Amino acid sequence: MTLSSSPAPVPAPVLAIESSCDDTACAILDADGTVLADTVLSQAGHVPFGGVVPEIAARAHLAALPALVRRTLDDAGMRAADIGAVAASTGPGLIGGLIVGAGLAKGVAVALDRPFVAVNHIEAHALTARLPGLVPGGAAFPYLLLLVSGGHCQCIAVEGVGRYRRLGGTIDDAAGEAFDKVAKMLGLGWPGGPAVEALAREGDPAPWPLPRPLLGRPGCDFSFSGLKTAVAQKLAPFAGDALPRAVAAGIAASFQDAVADIVADRVAHALEMMPQATLLVAAGGVAANGALRARLAALADAHGLPFAAPPLRLCTDNAVMVGWAAIETIRACRALGLPAGQDLDLLPRPRWPLEQMAERFAPLHGRAPSSSMCPSSMCPDSM
């Protein structure tokens with residue numbers, strides 16, 4: 001199949017929905033990535049439980065999304081009929097929330113007779129750096145992505161739209177999960193990342209040394225479970241007593257330094273595994289941590305590479321990245337003469353490996369899509 005000499009333009013504006021975890025988000029983007037409207041509702045109902053409760057999250061998405069879509073259209077000064085395409089996170093994530101968001105998005109697409117793009121939530125994070133204006137001159141492929149959040153900690157070689165290689169990942173806790181657990185040990189609120197970072201600014205880490213699991217080991221896998229256990233051991237002598245704030249701040253600072261050291265070491269190894277990288281990108285909720293950003297920026301500079309991380313509002317889950325991933329997917333498909341926006345039969349799924357995204361372009365190679373991308377009527381295992 002030959003490349004299309006003049007691919008059709010992206011049908012725009014694109015209405016995008018994100019509901020893979022506890023943030024309910026909707027955005028509208030123009031074909032060039034200009035954000036016309038962007039709304040996010042963060043759920044507070046999980047705070048008493050110290051983490052996201054899937055059933056609560058799904059019910060909250062169901063209650064919030066219709067009004068949120070209307071509000072986003074109003075913010076953009078549009079009617080539903082003005083929308084050119086619809087997209088939604090369809091995996092990976094909490095299945096209840098994914099069903100709510102993708103189901104509503106598909107309903108809108110069918111009602112308006114518009115294309116629907118099923119977006120991989122992780123791919124959306126991976127492509128965020130390519131949003132216009134985030135990287136001077138644009139983020140060119142290939143680049144190294146550190147995806148670091150409450151549920152993910154991976155180093156990914158981003159070689160093109162739909163083309164990803166996982167270089168390494170966590171073998172136990174994700175970094176964000178470790179932040180949340182340490183915050184709970186220190187008596188802080190949830191989510192733990194911002195609370196630990198704020199407390200760490202007050203602390204002296206020196207009296208509270210902590211280990212750096214896997215530091216210096218070959219490869220770029222991560223481990224945070226032992227670090228979390230070491231924090232618990234530091235706190236054990238204070239069991240039953242009020243924890244002095246100076247102690248809590250010192251341990252928070254030591255923990256944050258340890259995470260930054262671990263991540264910087266693992267990413268340095270990943271850069272050695274990907275010498276062709278033109279850029280280092282960090283994405284995901286933990287990429288909002290200032291200390292970690294500073295370490296990664298210094299690491300990139302030492303390797304002669306630029307460093308990019310989305311603005312803080314685009315590090316956590318949002319619909320802007322979902323809309324942009326849909327635009328990138330439509331562009332890539334149409335440049336190759338392939339159909340795009342025909343994902344109505346693709347079911348939400350709690351797991352959706354990035355490596356499977358290349359199957360959107362499988363017809364180029366004379367291969368039929370595998371079960372991960374085929375219509376639901378043919379895929380008993382698509383959930």
# chains A, B, ... in the order shown; residues from 1 in each chain; ligands from 1

call {"tool": "residues_around", "arguments": {"residues": "A:Gln276", "least_positions_apart": "6", "cutoff": "10 Å", "atoms": "only C-alpha atoms", "output": "short mmCIF file (atom, residue, chain, number, x, y, z; two decimals) with N, CA, C and O atoms, in the first residue's frame"}}
result
data_model
loop_
_atom_site.label_atom_id
_atom_site.label_comp_id
_atom_site.auth_asym_id
_atom_site.auth_seq_id
_atom_site.Cartn_x
_atom_site.Cartn_y
_atom_site.Cartn_z
N PHE A 141 10.15 12.35 16.84
CA PHE A 141 10.48 10.94 17.14
C PHE A 141 11.91 10.66 16.71
O PHE A 141 12.40 11.29 15.77
N PRO A 142 12.60 9.73 17.37
CA PRO A 142 12.18 8.98 18.56
C PRO A 142 12.58 9.72 19.84
O PRO A 142 13.53 10.49 19.85
N TYR A 143 11.84 9.47 20.91
CA TYR A 143 12.23 10.03 22.21
C TYR A 143 11.96 9.01 23.31
O TYR A 143 11.22 8.05 23.12
N LEU A 144 12.62 9.25 24.44
CA LEU A 144 12.46 8.37 25.59
C LEU A 144 11.41 8.96 26.51
O LEU A 144 11.51 10.13 26.90
N ALA A 157 10.40 3.58 24.77
CA ALA A 157 10.94 4.18 23.56
C ALA A 157 9.77 4.53 22.65
O ALA A 157 9.05 3.64 22.19
N GLU A 159 8.76 5.66 19.26
CA GLU A 159 9.39 5.70 17.94
C GLU A 159 8.46 6.25 16.86
O GLU A 159 8.89 6.50 15.74
#

call {"tool": "residues_around", "arguments": {"residues": "stretch 91-94 of chain A", "least_positions_apart": "2", "cutoff": "6 Å", "atoms": "only C-alpha atoms", "output": "number ranges by chain"}}
result
A: 20-21, 89, 96-97, 120-121, 348-352

call {"tool": "closest_residue", "arguments": {"among": "A:Ala200, A:Ala12, A:Ala118, A:Ala287", "to": "A:Phe307", "atoms": "only C-alpha atoms"}}
result
A:Ala287

call {"tool": "closest_residue", "arguments": {"among": "A:Cys220, A:Met185, A:Ile83, A:Val196", "to": "A:Gly50", "atoms": "only C-alpha atoms"}}
result
A:Met185

call {"tool": "residues_around", "arguments": {"residues": "A:Gly33", "least_positions_apart": "2", "cutoff": "10 Å", "atoms": "only C-alpha atoms", "output": "PDB file with N, CA and C atoms, in the first residue's frame"}}
result
ATOM      1  N   ALA A  12     -12.580  17.958  12.573  1.00  0.00           N
ATOM      2  CA  ALA A  12     -12.451  18.705  13.821  1.00  0.00           C
ATOM      3  C   ALA A  12     -13.602  19.699  13.933  1.00  0.00           C
ATOM      4  N   PRO A  13     -13.819  20.212  15.129  1.00  0.00           N
ATOM      5  CA  PRO A  13     -13.078  19.946  16.368  1.00  0.00           C
ATOM      6  C   PRO A  13     -13.357  18.554  16.937  1.00  0.00           C
ATOM      7  N   VAL A  14     -12.419  18.097  17.797  1.00  0.00           N
ATOM      8  CA  VAL A  14     -12.511  16.781  18.403  1.00  0.00           C
ATOM      9  C   VAL A  14     -12.983  16.927  19.851  1.00  0.00           C
ATOM     10  N   ILE A  28     -12.155  19.926  24.167  1.00  0.00           N
ATOM     11  CA  ILE A  28     -12.403  20.095  22.736  1.00  0.00           C
ATOM     12  C   ILE A  28     -11.149  20.698  22.129  1.00  0.00           C
ATOM     13  N   LEU A  29     -10.620  20.048  21.093  1.00  0.00           N
ATOM     14  CA  LEU A  29      -9.399  20.495  20.421  1.00  0.00           C
ATOM     15  C   LEU A  29      -9.688  20.740  18.950  1.00  0.00           C
ATOM     16  N   ASP A  30      -9.028  21.759  18.403  1.00  0.00           N
ATOM     17  CA  ASP A  30      -9.080  21.971  16.966  1.00  0.00           C
ATOM     18  C   ASP A  30      -8.099  21.022  16.284  1.00  0.00           C
ATOM     19  N   ALA A  31      -8.135  20.982  14.968  1.00  0.00           N
ATOM     20  CA  ALA A  31      -7.335  20.008  14.225  1.00  0.00           C
ATOM     21  C   ALA A  31      -5.843  20.191  14.436  1.00  0.00           C
ATOM     22  N   VAL A  35      -6.358  24.021  22.063  1.00  0.00           N
ATOM     23  CA  VAL A  35      -7.362  23.627  23.059  1.00  0.00           C
ATOM     24  C   VAL A  35      -8.451  24.705  23.100  1.00  0.00           C
ATOM     25  N   LEU A  36      -9.646  24.319  22.715  1.00  0.00           N
ATOM     26  CA  LEU A  36     -10.770  25.244  22.676  1.00  0.00           C
ATOM     27  C   LEU A  36     -11.537  25.262  23.996  1.00  0.00           C
ATOM     28  N   ARG A 130       4.036  16.118  22.325  1.00  0.00           N
ATOM     29  CA  ARG A 130       3.941  16.595  20.954  1.00  0.00           C
ATOM     30  C   ARG A 130       2.838  17.631  20.760  1.00  0.00           C
ATOM     31  N   LEU A 131       2.116  17.950  21.846  1.00  0.00           N
ATOM     32  CA  LEU A 131       1.140  19.033  21.740  1.00  0.00           C
ATOM     33  C   LEU A 131       1.852  20.311  21.299  1.00  0.00           C
ATOM     34  N   PRO A 132       1.271  21.052  20.376  1.00  0.00           N
ATOM     35  CA  PRO A 132       1.925  22.268  19.878  1.00  0.00           C
ATOM     36  C   PRO A 132       2.300  23.224  21.003  1.00  0.00           C
ATOM     37  N   GLY A 133       3.525  23.697  20.969  1.00  0.00           N
ATOM     38  CA  GLY A 133       3.988  24.692  21.925  1.00  0.00           C
ATOM     39  C   GLY A 133       4.669  24.146  23.160  1.00  0.00           C
ATOM     40  N   VAL A 320      -7.392  16.611  27.362  1.00  0.00           N
ATOM     41  CA  VAL A 320      -6.612  17.242  26.287  1.00  0.00           C
ATOM     42  C   VAL A 320      -5.700  16.201  25.643  1.00  0.00           C
ATOM     43  N   MET A 321      -5.030  15.409  26.465  1.00  0.00           N
ATOM     44  CA  MET A 321      -4.125  14.404  25.917  1.00  0.00           C
ATOM     45  C   MET A 321      -4.888  13.345  25.126  1.00  0.00           C
ATOM     46  N   GLY A 323      -7.709  13.877  23.379  1.00  0.00           N
ATOM     47  CA  GLY A 323      -8.039  14.476  22.093  1.00  0.00           C
ATOM     48  C   GLY A 323      -6.837  14.561  21.176  1.00  0.00           C
ATOM     49  N   TRP A 324      -5.671  14.891  21.752  1.00  0.00           N
ATOM     50  CA  TRP A 324      -4.466  14.991  20.930  1.00  0.00           C
ATOM     51  C   TRP A 324      -4.038  13.631  20.396  1.00  0.00           C
ATOM     52  N   ALA A 325      -4.136  12.598  21.223  1.00  0.00           N
ATOM     53  CA  ALA A 325      -3.800  11.247  20.759  1.00  0.00           C
ATOM     54  C   ALA A 325      -4.723  10.830  19.618  1.00  0.00           C
ATOM     55  N   ILE A 327      -6.135  12.877  17.455  1.00  0.00           N
ATOM     56  CA  ILE A 327      -5.702  13.644  16.276  1.00  0.00           C
ATOM     57  C   ILE A 327      -4.467  13.008  15.658  1.00  0.00           C
ATOM     58  N   GLU A 328      -3.497  12.638  16.496  1.00  0.00           N
ATOM     59  CA  GLU A 328      -2.280  11.996  15.991  1.00  0.00           C
ATOM     60  C   GLU A 328      -2.620  10.669  15.288  1.00  0.00           C
TER      61      GLU A 328
END

call {"tool": "closest_residue", "arguments": {"among": "A:Gly101, A:Pro54, A:Gly169, A:Gly138", "to": "A:Ala25", "atoms": "only C-alpha atoms"}}
result
A:Gly101

call {"tool": "residues_around", "arguments": {"residues": "stretch 62-67 of chain A", "least_positions_apart": "5", "cutoff": "10 Å", "atoms": "only C-alpha atoms", "output": "list in words"}}
result
Ile17, Glu18, Ser19, Thr24, Ala25, Cys26, Leu41, Gln43, Ile56, Ala57, Thr72, Leu73, Gly96, Gly97, Ile99, Val100, Gly101, Leu104 and Ala105 of chain A

call {"tool": "write_last_selection", "arguments": {"atoms": "all heavy atoms", "output": "compact mmCIF listing (two decimals), in the first residue's frame"}}
result
# COMPACT_ATOMS: atom_id res chain seq x y z
N ILE A 17 -13.04 12.60 25.87
CA ILE A 17 -13.48 12.26 27.22
C ILE A 17 -12.44 11.37 27.88
O ILE A 17 -11.92 10.44 27.26
CB ILE A 17 -14.84 11.55 27.19
CG1 ILE A 17 -15.94 12.55 26.80
CG2 ILE A 17 -15.17 10.91 28.54
CD1 ILE A 17 -17.30 11.92 26.58
N GLU A 18 -12.14 11.65 29.15
CA GLU A 18 -11.22 10.85 29.95
C GLU A 18 -11.92 10.44 31.25
O GLU A 18 -12.43 11.30 31.99
CB GLU A 18 -9.95 11.65 30.26
CG GLU A 18 -9.15 11.20 31.46
CD GLU A 18 -8.64 9.77 31.38
OE1 GLU A 18 -8.45 9.26 30.26
OE2 GLU A 18 -8.42 9.18 32.44
N SER A 19 -11.98 9.12 31.50
CA SER A 19 -12.64 8.63 32.72
C SER A 19 -12.01 7.32 33.18
O SER A 19 -12.70 6.45 33.69
CB SER A 19 -14.14 8.42 32.46
OG SER A 19 -14.34 7.46 31.43
N THR A 24 -12.76 13.00 36.09
CA THR A 24 -13.70 13.07 34.98
C THR A 24 -13.35 14.30 34.17
O THR A 24 -13.32 15.41 34.70
CB THR A 24 -15.15 13.19 35.49
OG1 THR A 24 -15.40 12.21 36.49
CG2 THR A 24 -16.14 13.01 34.35
N ALA A 25 -13.02 14.11 32.89
CA ALA A 25 -12.51 15.23 32.10
C ALA A 25 -13.10 15.22 30.70
O ALA A 25 -13.42 14.18 30.14
CB ALA A 25 -10.98 15.17 32.03
N CYS A 26 -13.22 16.42 30.17
CA CYS A 26 -13.72 16.59 28.81
C CYS A 26 -12.97 17.76 28.20
O CYS A 26 -12.67 18.75 28.88
CB CYS A 26 -15.22 16.86 28.82
SG CYS A 26 -15.99 16.95 27.17
N LEU A 41 -12.97 17.42 36.51
CA LEU A 41 -13.54 17.30 37.85
C LEU A 41 -12.79 16.21 38.59
O LEU A 41 -12.78 15.06 38.16
CB LEU A 41 -15.03 16.95 37.77
CG LEU A 41 -15.97 18.01 37.19
CD1 LEU A 41 -17.39 17.47 37.15
CD2 LEU A 41 -15.91 19.30 38.00
N GLN A 43 -12.54 13.81 41.76
CA GLN A 43 -13.47 13.25 42.72
C GLN A 43 -12.91 13.33 44.15
O GLN A 43 -11.76 12.98 44.38
CB GLN A 43 -13.78 11.80 42.37
CG GLN A 43 -14.39 11.63 40.98
CD GLN A 43 -14.58 10.16 40.62
OE1 GLN A 43 -14.42 9.28 41.47
NE2 GLN A 43 -14.90 9.90 39.36
N ILE A 56 -17.17 3.67 43.42
CA ILE A 56 -17.45 5.09 43.64
C ILE A 56 -17.05 5.90 42.41
O ILE A 56 -17.77 6.81 41.98
CB ILE A 56 -16.71 5.60 44.90
CG1 ILE A 56 -17.29 4.96 46.15
CG2 ILE A 56 -16.77 7.12 44.99
CD1 ILE A 56 -16.54 5.32 47.43
N ALA A 57 -15.88 5.58 41.84
CA ALA A 57 -15.41 6.31 40.67
C ALA A 57 -16.37 6.17 39.51
O ALA A 57 -16.72 7.16 38.84
CB ALA A 57 -14.02 5.80 40.27
N THR A 72 -18.48 21.87 28.66
CA THR A 72 -17.31 22.02 27.78
C THR A 72 -17.72 22.61 26.44
O THR A 72 -17.02 23.48 25.88
CB THR A 72 -16.61 20.67 27.59
OG1 THR A 72 -16.34 20.09 28.87
CG2 THR A 72 -15.29 20.83 26.85
N LEU A 73 -18.85 22.16 25.90
CA LEU A 73 -19.36 22.74 24.66
C LEU A 73 -19.66 24.22 24.85
O LEU A 73 -19.33 25.05 23.99
CB LEU A 73 -20.61 21.99 24.21
CG LEU A 73 -20.40 20.59 23.62
CD1 LEU A 73 -21.73 19.84 23.54
CD2 LEU A 73 -19.77 20.69 22.24
N GLY A 96 -15.08 0.13 35.12
CA GLY A 96 -16.35 0.84 35.27
C GLY A 96 -16.30 2.24 34.69
O GLY A 96 -17.20 2.64 33.93
N GLY A 97 -15.26 2.98 35.03
CA GLY A 97 -15.13 4.33 34.50
C GLY A 97 -14.93 4.34 32.99
O GLY A 97 -15.47 5.19 32.29
N ILE A 99 -16.07 2.15 30.84
CA ILE A 99 -17.36 1.84 30.21
C ILE A 99 -18.23 3.09 30.17
O ILE A 99 -18.88 3.39 29.15
CB ILE A 99 -18.06 0.70 30.96
CG1 ILE A 99 -17.33 -0.63 30.70
CG2 ILE A 99 -19.53 0.58 30.54
CD1 ILE A 99 -17.84 -1.78 31.55
N VAL A 100 -18.25 3.86 31.26
CA VAL A 100 -19.07 5.07 31.30
C VAL A 100 -18.59 6.09 30.26
O VAL A 100 -19.38 6.60 29.45
CB VAL A 100 -19.04 5.69 32.71
CG1 VAL A 100 -19.70 7.06 32.70
CG2 VAL A 100 -19.74 4.78 33.71
N GLY A 101 -17.29 6.39 30.26
CA GLY A 101 -16.78 7.41 29.36
C GLY A 101 -16.83 7.01 27.91
O GLY A 101 -17.30 7.78 27.05
N LEU A 104 -20.53 6.84 26.67
CA LEU A 104 -21.12 8.15 26.36
C LEU A 104 -20.53 8.71 25.06
O LEU A 104 -21.26 9.23 24.22
CB LEU A 104 -20.87 9.12 27.51
CG LEU A 104 -21.39 10.54 27.29
CD1 LEU A 104 -22.90 10.54 27.12
CD2 LEU A 104 -20.99 11.45 28.44
N ALA A 105 -19.21 8.59 24.92
CA ALA A 105 -18.56 9.11 23.71
C ALA A 105 -19.08 8.41 22.46
O ALA A 105 -19.33 9.05 21.42
CB ALA A 105 -17.05 8.95 23.82

call {"tool": "select_by_dssp", "arguments": {"residues": "stretch 198-378 of chain A", "states": "helix (DSSP H, G or I)", "output": "PyMOL selection string"}}
result
chain A and resi 198-200+225-238+245-273+285-288+290-302+312-315+320-335+354-365+376-378

call {"tool": "write_last_selection", "arguments": {"atoms": "C-alpha atoms", "output": "tab-separated table (two decimals), in the first residue's frame"}}
result
chain	number	residue	atom	x	y	z
A	198	ALA	CA	5.06	20.00	50.40
A	199	LEU	CA	6.23	18.47	53.68
A	200	ALA	CA	9.63	17.53	52.22
A	225	SER	CA	8.48	-1.71	47.69
A	226	GLY	CA	11.70	-2.00	49.71
A	227	LEU	CA	11.95	1.77	49.99
A	228	LYS	CA	8.41	1.90	51.36
A	229	THR	CA	9.29	-0.82	53.90
A	230	ALA	CA	12.40	1.11	54.96
A	231	VAL	CA	10.23	4.15	55.68
A	232	ALA	CA	7.98	1.99	57.85
A	233	GLN	CA	11.04	0.82	59.79
A	234	LYS	CA	12.15	4.42	60.40
A	235	LEU	CA	8.70	5.18	61.78
A	236	ALA	CA	8.39	2.03	63.94
A	237	PRO	CA	9.96	3.59	67.09
A	238	PHE	CA	7.22	6.25	67.05
A	245	ARG	CA	6.74	17.34	62.48
A	246	ALA	CA	10.52	17.69	62.08
A	247	VAL	CA	10.80	13.91	61.91
A	248	ALA	CA	7.96	13.59	59.42
A	249	ALA	CA	9.44	16.34	57.25
A	250	GLY	CA	12.91	14.76	57.36
A	251	ILE	CA	11.59	11.36	56.36
A	252	ALA	CA	9.47	12.90	53.61
A	253	ALA	CA	12.54	14.72	52.26
A	254	SER	CA	14.67	11.57	52.46
A	255	PHE	CA	12.00	9.51	50.71
A	256	GLN	CA	11.60	12.06	47.93
A	257	ASP	CA	15.38	12.22	47.43
A	258	ALA	CA	15.53	8.43	47.25
A	259	VAL	CA	12.79	8.30	44.61
A	260	ALA	CA	14.56	10.98	42.58
A	261	ASP	CA	17.87	9.08	42.81
A	262	ILE	CA	16.26	5.80	41.78
A	263	VAL	CA	14.38	7.31	38.86
A	264	ALA	CA	17.38	9.29	37.61
A	265	ASP	CA	19.59	6.19	37.73
A	266	ARG	CA	17.04	4.02	35.92
A	267	VAL	CA	16.39	6.66	33.26
A	268	ALA	CA	20.14	7.08	32.72
A	269	HIS	CA	20.31	3.36	31.95
A	270	ALA	CA	17.33	3.69	29.62
A	271	LEU	CA	19.10	6.45	27.71
A	272	GLU	CA	22.05	4.10	27.24
A	273	MET	CA	19.61	1.53	25.85
A	285	GLY	CA	1.01	12.46	37.76
A	286	VAL	CA	4.37	12.03	39.53
A	287	ALA	CA	6.02	14.02	36.73
A	288	ALA	CA	4.47	17.05	38.46
A	290	GLY	CA	9.36	19.55	41.26
A	291	ALA	CA	12.34	17.69	42.73
A	292	LEU	CA	11.98	14.89	40.21
A	293	ARG	CA	11.64	17.31	37.30
A	294	ALA	CA	14.84	19.08	38.36
A	295	ARG	CA	16.78	15.79	38.52
A	296	LEU	CA	15.52	14.68	35.11
A	297	ALA	CA	16.28	18.05	33.54
A	298	ALA	CA	19.87	17.83	34.85
A	299	LEU	CA	20.17	14.26	33.60
A	300	ALA	CA	18.96	15.21	30.13
A	301	ASP	CA	21.38	18.13	30.04
A	302	ALA	CA	24.25	15.82	30.99
A	312	LEU	CA	1.25	20.42	35.76
A	313	ARG	CA	-2.40	20.36	34.69
A	314	LEU	CA	-1.52	17.97	31.84
A	315	CYS	CA	0.58	15.61	33.98
A	320	VAL	CA	-6.61	17.24	26.29
A	321	MET	CA	-4.12	14.40	25.92
A	322	VAL	CA	-6.94	12.07	24.81
A	323	GLY	CA	-8.04	14.48	22.09
A	324	TRP	CA	-4.47	14.99	20.93
A	325	ALA	CA	-3.80	11.25	20.76
A	326	ALA	CA	-6.93	10.90	18.61
A	327	ILE	CA	-5.70	13.64	16.28
A	328	GLU	CA	-2.28	12.00	15.99
A	329	THR	CA	-3.91	8.62	15.28
A	330	ILE	CA	-6.20	10.02	12.59
A	331	ARG	CA	-3.29	11.83	10.93
A	332	ALA	CA	-1.09	8.71	10.97
A	333	CYS	CA	-3.83	6.49	9.55
A	334	ARG	CA	-4.78	8.90	6.80
A	335	ALA	CA	-1.17	9.53	5.81
A	354	LEU	CA	1.10	-0.15	24.20
A	355	GLU	CA	2.80	-2.65	21.91
A	356	GLN	CA	-0.63	-3.57	20.52
A	357	MET	CA	-1.23	-0.07	19.17
A	358	ALA	CA	0.82	-0.89	16.05
A	359	GLU	CA	-2.03	-3.17	15.03
A	360	ARG	CA	-4.00	-0.12	13.87
A	361	PHE	CA	-1.57	-0.14	10.95
A	362	ALA	CA	-1.48	-3.94	10.48
A	363	PRO	CA	-3.24	-3.86	7.05
A	364	LEU	CA	-0.08	-2.26	5.67
A	365	HIS	CA	1.69	-5.54	6.28
A	376	SER	CA	-16.26	-7.04	19.62
A	377	SER	CA	-18.54	-9.43	17.80
A	378	MET	CA	-15.44	-11.48	16.87

call {"tool": "atom_distance", "arguments": {"atom1": "atom CA of A:Asp32", "atom2": "atom CA of A:Val86"}}
result
15.4 Å

call {"tool": "select_by_dssp", "arguments": {"residues": "stretch 44-179 of chain A", "states": "strand (DSSP E)", "output": "ChimeraX atom specification"}}
result
/A:85-91,116-120,143-148,153-160,163-169

call {"tool": "residues_around", "arguments": {"residues": "A:Ala308", "least_positions_apart": "2", "cutoff": "10 Å", "atoms": "only C-alpha atoms", "output": "count of residues only"}}
result
21

call {"tool": "closest_residue", "arguments": {"among": "A:Asn318, A:Gln154, A:Gly187, A:Ala88", "to": "A:Leu167", "atoms": "only C-alpha atoms"}}
result
A:Gln154

call {"tool": "decode", "arguments": {"residues": "stretch 38-53 of chain A", "atoms": "N, CA, C and O atoms", "output": "tab-separated table (two decimals), in the first residue's frame"}}
result
chain	number	residue	atom	x	y	z
A	38	ASP	N	-11.44	22.99	28.08
A	38	ASP	CA	-10.82	21.92	28.87
A	38	ASP	C	-11.40	21.96	30.27
A	38	ASP	O	-11.25	22.97	30.98
A	39	THR	N	-12.09	20.90	30.68
A	39	THR	CA	-12.68	20.85	32.01
A	39	THR	C	-12.29	19.54	32.69
A	39	THR	O	-12.25	18.48	32.05
A	40	VAL	N	-12.01	19.62	33.98
A	40	VAL	CA	-11.64	18.44	34.78
A	40	VAL	C	-12.34	18.52	36.12
A	40	VAL	O	-12.31	19.56	36.78
A	41	LEU	N	-12.97	17.42	36.51
A	41	LEU	CA	-13.54	17.30	37.85
A	41	LEU	C	-12.79	16.21	38.59
A	41	LEU	O	-12.78	15.06	38.16
A	42	SER	N	-12.15	16.56	39.70
A	42	SER	CA	-11.45	15.58	40.52
A	42	SER	C	-12.38	15.11	41.63
A	42	SER	O	-12.96	15.93	42.34
A	43	GLN	N	-12.54	13.81	41.76
A	43	GLN	CA	-13.47	13.25	42.72
A	43	GLN	C	-12.91	13.33	44.15
A	43	GLN	O	-11.76	12.98	44.38
A	44	ALA	N	-13.74	13.77	45.06
A	44	ALA	CA	-13.33	13.86	46.47
A	44	ALA	C	-13.84	12.68	47.29
A	44	ALA	O	-13.42	12.50	48.44
A	45	GLY	N	-14.69	11.86	46.72
A	45	GLY	CA	-15.32	10.80	47.48
A	45	GLY	C	-14.40	9.69	47.93
A	45	GLY	O	-14.78	8.85	48.76
A	46	HIS	N	-13.18	9.66	47.40
A	46	HIS	CA	-12.24	8.59	47.75
A	46	HIS	C	-11.35	8.94	48.94
A	46	HIS	O	-10.67	8.06	49.47
A	47	VAL	N	-11.33	10.20	49.34
A	47	VAL	CA	-10.40	10.66	50.36
A	47	VAL	C	-10.51	9.85	51.65
A	47	VAL	O	-9.49	9.43	52.23
A	48	PRO	N	-11.72	9.57	52.16
A	48	PRO	CA	-11.80	8.80	53.42
A	48	PRO	C	-11.23	7.39	53.32
A	48	PRO	O	-10.87	6.80	54.34
A	49	PHE	N	-11.10	6.87	52.10
A	49	PHE	CA	-10.63	5.51	51.92
A	49	PHE	C	-9.12	5.46	51.61
A	49	PHE	O	-8.54	4.38	51.50
A	50	GLY	N	-8.50	6.62	51.41
A	50	GLY	CA	-7.06	6.66	51.15
A	50	GLY	C	-6.66	6.11	49.79
A	50	GLY	O	-5.51	5.71	49.58
A	51	GLY	N	-7.58	6.07	48.86
A	51	GLY	CA	-7.30	5.56	47.52
A	51	GLY	C	-8.59	5.47	46.72
A	51	GLY	O	-9.68	5.65	47.26
A	52	VAL	N	-8.46	5.19	45.43
A	52	VAL	CA	-9.61	5.19	44.55
A	52	VAL	C	-10.43	3.91	44.74
A	52	VAL	O	-9.90	2.80	44.67
A	53	VAL	N	-11.71	4.07	44.96
A	53	VAL	CA	-12.65	2.95	45.05
A	53	VAL	C	-13.35	2.84	43.70
A	53	VAL	O	-14.09	3.76	43.31
